[in-house]
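Trainee: Contents of final-v5.tsv (TSV, C-alpha atoms) are below:
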```tsv
chain	number	residue	atom	x	y	z
X	1	MET	CA	0.00	0.00	0.00
X	2	PRO	CA	1.38	3.45	-0.85
X	3	ALA	CA	2.08	5.99	1.87
X	4	SER	CA	-1.03	7.44	3.52
X	5	LEU	CA	-2.06	11.06	3.57
X	6	ASN	CA	-1.21	12.72	6.85
X	7	GLY	CA	-3.31	15.85	6.40
X	8	LEU	CA	-6.02	17.35	4.25
X	9	VAL	CA	-6.84	21.07	4.02
X	10	PRO	CA	-9.90	22.64	2.36
X	11	TYR	CA	-8.91	25.28	-0.21
X	12	LEU	CA	-11.64	27.76	-1.21
X	13	HIS	CA	-11.72	30.51	-3.81
X	14	VAL	CA	-13.49	33.60	-2.50
X	15	THR	CA	-14.62	36.89	-4.03
X	16	ASP	CA	-13.37	39.18	-1.23
X	17	LEU	CA	-10.39	37.73	0.63
X	18	PRO	CA	-10.28	40.23	3.54
X	19	ARG	CA	-14.02	39.76	4.17
X	20	SER	CA	-13.65	35.96	4.14
X	21	ILE	CA	-10.64	36.10	6.45
X	22	ALA	CA	-12.71	38.19	8.89
X	23	PHE	CA	-15.56	35.63	8.76
X	24	TYR	CA	-13.30	32.66	9.50
X	25	GLU	CA	-11.45	34.61	12.21
X	26	LEU	CA	-14.86	35.07	13.83
X	27	LEU	CA	-15.08	31.26	13.90
X	28	GLY	CA	-11.74	31.16	15.73
X	29	LEU	CA	-9.22	30.54	12.95
X	30	GLU	CA	-6.07	32.68	12.80
X	31	VAL	CA	-4.05	33.71	9.76
X	32	VAL	CA	-0.72	31.86	9.85
X	33	GLY	CA	0.52	32.71	6.37
X	34	THR	CA	-0.22	34.86	3.32
X	35	ALA	CA	1.09	35.33	-0.19
X	36	ALA	CA	0.75	38.26	-2.56
X	37	GLY	CA	-1.18	38.02	-5.78
X	38	ALA	CA	-0.09	39.42	-9.14
X	39	ASP	CA	-1.27	42.92	-8.13
X	40	GLY	CA	0.81	42.87	-4.93
X	41	ALA	CA	-2.21	42.62	-2.62
X	42	VAL	CA	-2.74	39.56	-0.45
X	43	GLY	CA	-4.10	36.90	-2.79
X	44	TRP	CA	-3.89	33.79	-0.58
X	45	ALA	CA	-4.17	33.07	3.12
X	46	ASN	CA	-3.61	30.03	5.31
X	47	LEU	CA	-5.70	29.95	8.48
X	48	ARG	CA	-5.41	27.59	11.41
X	49	ARG	CA	-6.51	26.79	14.92
X	50	GLY	CA	-5.34	23.52	16.45
X	51	ASP	CA	-5.96	20.74	13.95
X	52	ALA	CA	-8.33	22.89	11.85
X	53	TRP	CA	-6.78	24.32	8.67
X	54	LEU	CA	-8.25	26.33	5.80
X	55	MET	CA	-6.71	27.94	2.74
X	56	LEU	CA	-8.43	30.85	0.98
X	57	ALA	CA	-7.53	32.40	-2.36
X	58	GLN	CA	-8.83	35.52	-4.03
X	59	GLY	CA	-10.91	34.35	-6.98
X	60	THR	CA	-12.89	35.92	-9.73
X	61	LYS	CA	-16.63	35.64	-10.29
X	62	PHE	CA	-17.87	32.15	-9.51
X	63	ASP	CA	-20.82	30.38	-7.93
X	64	ALA	CA	-19.92	28.76	-4.58
X	65	ARG	CA	-22.90	26.39	-4.93
X	66	ARG	CA	-21.31	24.87	-8.02
X	67	GLN	CA	-18.07	24.28	-6.14
X	68	ALA	CA	-19.91	21.55	-4.18
X	69	ALA	CA	-17.88	22.28	-1.06
X	70	LEU	CA	-19.23	21.91	2.46
X	71	LEU	CA	-17.09	22.49	5.53
X	72	TYR	CA	-17.76	20.67	8.81
X	73	ALA	CA	-16.27	22.05	12.01
X	74	PHE	CA	-16.62	21.60	15.75
X	75	HIS	CA	-17.20	24.18	18.49
X	76	ALA	CA	-17.74	23.78	22.23
X	77	ASP	CA	-20.72	26.20	22.33
X	78	VAL	CA	-22.69	26.52	19.09
X	79	ALA	CA	-25.27	28.83	20.71
X	80	ALA	CA	-22.59	31.39	21.62
X	81	LEU	CA	-21.04	31.04	18.17
X	82	ARG	CA	-24.43	31.55	16.51
X	83	ASP	CA	-24.99	34.75	18.52
X	84	ALA	CA	-21.52	36.11	17.65
X	85	VAL	CA	-21.84	35.38	13.94
X	86	ALA	CA	-25.37	36.82	13.77
X	87	ALA	CA	-24.23	40.01	15.53
X	88	SER	CA	-21.24	40.44	13.22
X	89	GLY	CA	-23.16	40.68	9.96
X	90	LEU	CA	-20.44	38.61	8.26
X	91	ALA	CA	-22.54	35.56	7.47
X	92	ARG	CA	-24.98	35.52	4.56
X	93	HIS	CA	-27.26	33.30	6.58
X	94	VAL	CA	-27.22	31.99	10.14
X	95	GLY	CA	-29.58	29.09	10.64
X	96	PRO	CA	-31.25	27.80	13.76
X	97	ILE	CA	-29.50	25.24	15.95
X	98	ALA	CA	-30.63	21.72	15.10
X	99	HIS	CA	-30.19	18.60	17.22
X	100	PRO	CA	-29.79	15.68	14.80
X	101	ASP	CA	-29.08	12.17	16.09
X	102	HIS	CA	-25.41	12.41	15.10
X	103	MET	CA	-24.88	15.71	17.00
X	104	GLU	CA	-27.43	15.84	19.82
X	105	ALA	CA	-25.71	18.73	21.63
X	106	GLY	CA	-26.38	20.95	18.62
X	107	GLU	CA	-25.44	21.67	15.02
X	108	LEU	CA	-25.41	25.07	13.35
X	109	ARG	CA	-25.56	25.80	9.61
X	110	LEU	CA	-23.84	28.97	8.42
X	111	HIS	CA	-23.23	30.41	4.97
X	112	ASP	CA	-19.97	32.30	4.58
X	113	PRO	CA	-19.82	35.57	2.60
X	114	ASP	CA	-19.45	33.64	-0.69
X	115	GLY	CA	-22.23	31.17	0.09
X	116	TYR	CA	-20.14	28.18	1.16
X	117	VAL	CA	-21.94	26.08	3.77
X	118	VAL	CA	-20.21	25.69	7.13
X	119	LEU	CA	-21.83	23.14	9.45
X	120	VAL	CA	-20.65	23.44	13.05
X	121	GLY	CA	-21.32	20.61	15.47
X	122	GLN	CA	-21.07	20.73	19.24
X	123	PRO	CA	-19.60	17.45	20.48
X	124	PRO	CA	-20.93	16.04	23.75
X	125	ALA	CA	-19.22	17.33	26.89
X	126	ASP	CA	-16.62	14.96	28.32
```
Before anything else, please render the file you have as C-alpha cells.
Mentor:
Amino acid sequence: MPASLNGLVPYLHVTDLPRSIAFYELLGLEVVGTAAGADGAVGWANLRRGDAWLMLAQGTKFDARRQAALLYAFHADVAALRDAVAASGLARHVGPIAHPDHMEAGELRLHDPDGYVVLVGQPPAD
C-alpha cells in the first residue's frame, strides 16, 4: 500500500479575501501565512486553529454552490457562536440550531460571505 495522507486542508476561492478572512477569524481561525497576488495585494491566506486548517484564495466571479464544497467544524458552544456570527453581519445566513441524532448537543448551519456552507457541530461534553 502506498504511503497514507497525513493531512487534508480545504482550499476555497473567495470573491473578497479580507471579508472571508474576517468571517473565518470570527469562527476562531487565525491567519498563519499569506502570499501576494499578481497585483501585490494579499491573494492567498492560510488559516489555522489547532488541527483545523483552511486555505483561501482571491478568486474571480464564480458560484460557490457549483463548487460543491461543504465544511464541517466543531465548536464547544454553538449557541454562543451563533450569537456572535449573527451580531457580526459577516454571514450571509445563520440558521437555527438543530439537534440531529449524530450531533445531539447541537449543530449550526452557516453560509460564509461567498455562500459556502459551514456546518458546526457541538460534540458532547466529556
Trainee: What is the atom CA of Ala52 of chain X-atom CA of Leu17 of chain X distance in Å, reported with one decimal?
Mentor: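 Distance between the two atoms: 18.7 Å.
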Trainee: Of the candidates X:Asp63, X:Asp39, X:Asp126, X:Asp112, which shows the shortest atom-to-atom distance to Leu27 of chain X, using all atoms listed in the file?
Mentor: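 Between X:Asp63, X:Asp39, X:Asp126, X:Asp112, the residue approaching Leu27 of chain X most closely is X:Asp112.
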Trainee: Need to verify the contact set: segment 86-99 of chain X, 7 Å, all atoms listed in the file, exclusion of same-chain residues closer than 5 positions in sequence. Can you return it as a PDB file with C-alpha atoms, in the coordinates of the input?
Mentor:
```
ATOM      1  CA  PHE X  23     -15.560  35.630   8.760  1.00  0.00           C
ATOM      2  CA  GLU X 104     -27.430  15.840  19.820  1.00  0.00           C
ATOM      3  CA  ALA X 105     -25.710  18.730  21.630  1.00  0.00           C
ATOM      4  CA  GLY X 106     -26.380  20.950  18.620  1.00  0.00           C
ATOM      5  CA  GLU X 107     -25.440  21.670  15.020  1.00  0.00           C
ATOM      6  CA  LEU X 108     -25.410  25.070  13.350  1.00  0.00           C
ATOM      7  CA  ARG X 109     -25.560  25.800   9.610  1.00  0.00           C
ATOM      8  CA  LEU X 110     -23.840  28.970   8.420  1.00  0.00           C
ATOM      9  CA  HIS X 111     -23.230  30.410   4.970  1.00  0.00           C
ATOM     10  CA  ASP X 112     -19.970  32.300   4.580  1.00  0.00           C
ATOM     11  CA  PRO X 113     -19.820  35.570   2.600  1.00  0.00           C
ATOM     12  CA  GLY X 115     -22.230  31.170   0.090  1.00  0.00           C
TER      13      GLY X 115
END
```
Trainee: Find the distance between atom CA of Leu119 of chain X and atom CA of Leu70 of chain X and write it in Å to one decimal.
Mentor: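 Computing the Euclidean distance for atom CA of Leu119 of chain X and atom CA of Leu70 of chain X yields 7.6 Å.
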Trainee: Write out as lines of an AutoDock Vina configuration file an axis-aligned box for segment 109-123 of chain X: all of its atoms listed in the file, 5 Å added on each side, centre and edge lengths in Å with one decimal.
Mentor:
```
center_x = -22.5
center_y = 26.5
center_z = 9.9
size_x = 16.1
size_y = 28.1
size_z = 31.2
```
Trainee: If I take atom CA of Glu30 of chain X and atom CA of Ala45 of chain X, how far is one from the other in Å, to one decimal?
Mentor: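 Rounded to one decimal, the two atoms are 9.9 Å apart.
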Trainee: Could you check which of X:Leu81, X:Ala57, X:His102, X:Leu12 is closest to Gly37 of chain X, using only C-alpha atoms?
Mentor: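 Of the candidates, the smallest distance to Gly37 of chain X is held by X:Ala57.
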Trainee: So which one's closest to Met55 of chain X, X:Asp114, X:Glu25, X:Val120, X:Thr34? Using all atoms listed in the file, please.
Mentor: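 Of X:Asp114, X:Glu25, X:Val120, X:Thr34, the one nearest Met55 of chain X is X:Thr34, counting all atoms listed in the file.
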Trainee: Considering only C-alpha atoms, state which residue in the set X:Trp53, X:Arg82, X:Tyr116, X:Tyr72 is at the smallest distance from Ser20 of chain X.
Mentor: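 Selected residue with least distance to Ser20 of chain X: X:Tyr116.
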Trainee: Around (-14.9, 35.4, -9.6) in the file's frame, which residues reach within 9 Å when counting only C-alpha atoms? Return as a PyMOL selection string?
Mentor: chain X and resi 13-15+58-63
Trainee: Let's have the selection written as a compact mmCIF listing (two decimals), in the frame of the given file, with C-alpha atoms.
Mentor:
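Final file, selection00.txt:
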```txt
# COMPACT_ATOMS: atom_id res chain seq x y z
CA HIS X 13 -11.72 30.51 -3.81
CA VAL X 14 -13.49 33.60 -2.50
CA THR X 15 -14.62 36.89 -4.03
CA GLN X 58 -8.83 35.52 -4.03
CA GLY X 59 -10.91 34.35 -6.98
CA THR X 60 -12.89 35.92 -9.73
CA LYS X 61 -16.63 35.64 -10.29
CA PHE X 62 -17.87 32.15 -9.51
CA ASP X 63 -20.82 30.38 -7.93
```
Trainee: Find the residue from X:Pro18, X:Gly33, X:Pro100, X:Pro124 that sits nearest to Leu54 of chain X; use all atoms listed in the file when measuring.
Mentor: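 Ranked by minimum distance to Leu54 of chain X, first place goes to X:Gly33.
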Trainee: Near Ala35 of chain X, within 7 Å and counting all atoms listed in the file, which residues show up once chain neighbours fewer than 5 positions away are dropped, as a compact mmCIF listing (two decimals) with C-alpha atoms, in the frame of the given file?
Mentor:
```txt
# COMPACT_ATOMS: atom_id res chain seq x y z
CA VAL X 42 -2.74 39.56 -0.45
CA GLY X 43 -4.10 36.90 -2.79
CA TRP X 44 -3.89 33.79 -0.58
CA ALA X 45 -4.17 33.07 3.12
```
Trainee: What's around Phe74 of chain X at 8 Å? Count only C-alpha atoms, leave out sequence neighbours fewer than 6 positions away in its own chain, and write the answer as a PyMOL selection string.
Mentor: chain X and resi 120-123
Trainee: Which residue is closest to Gly28 of chain X? Choose from X:Leu71, X:Asp77, X:Val9, X:Arg49 and count all atoms listed in the file.
Mentor: X:Arg49
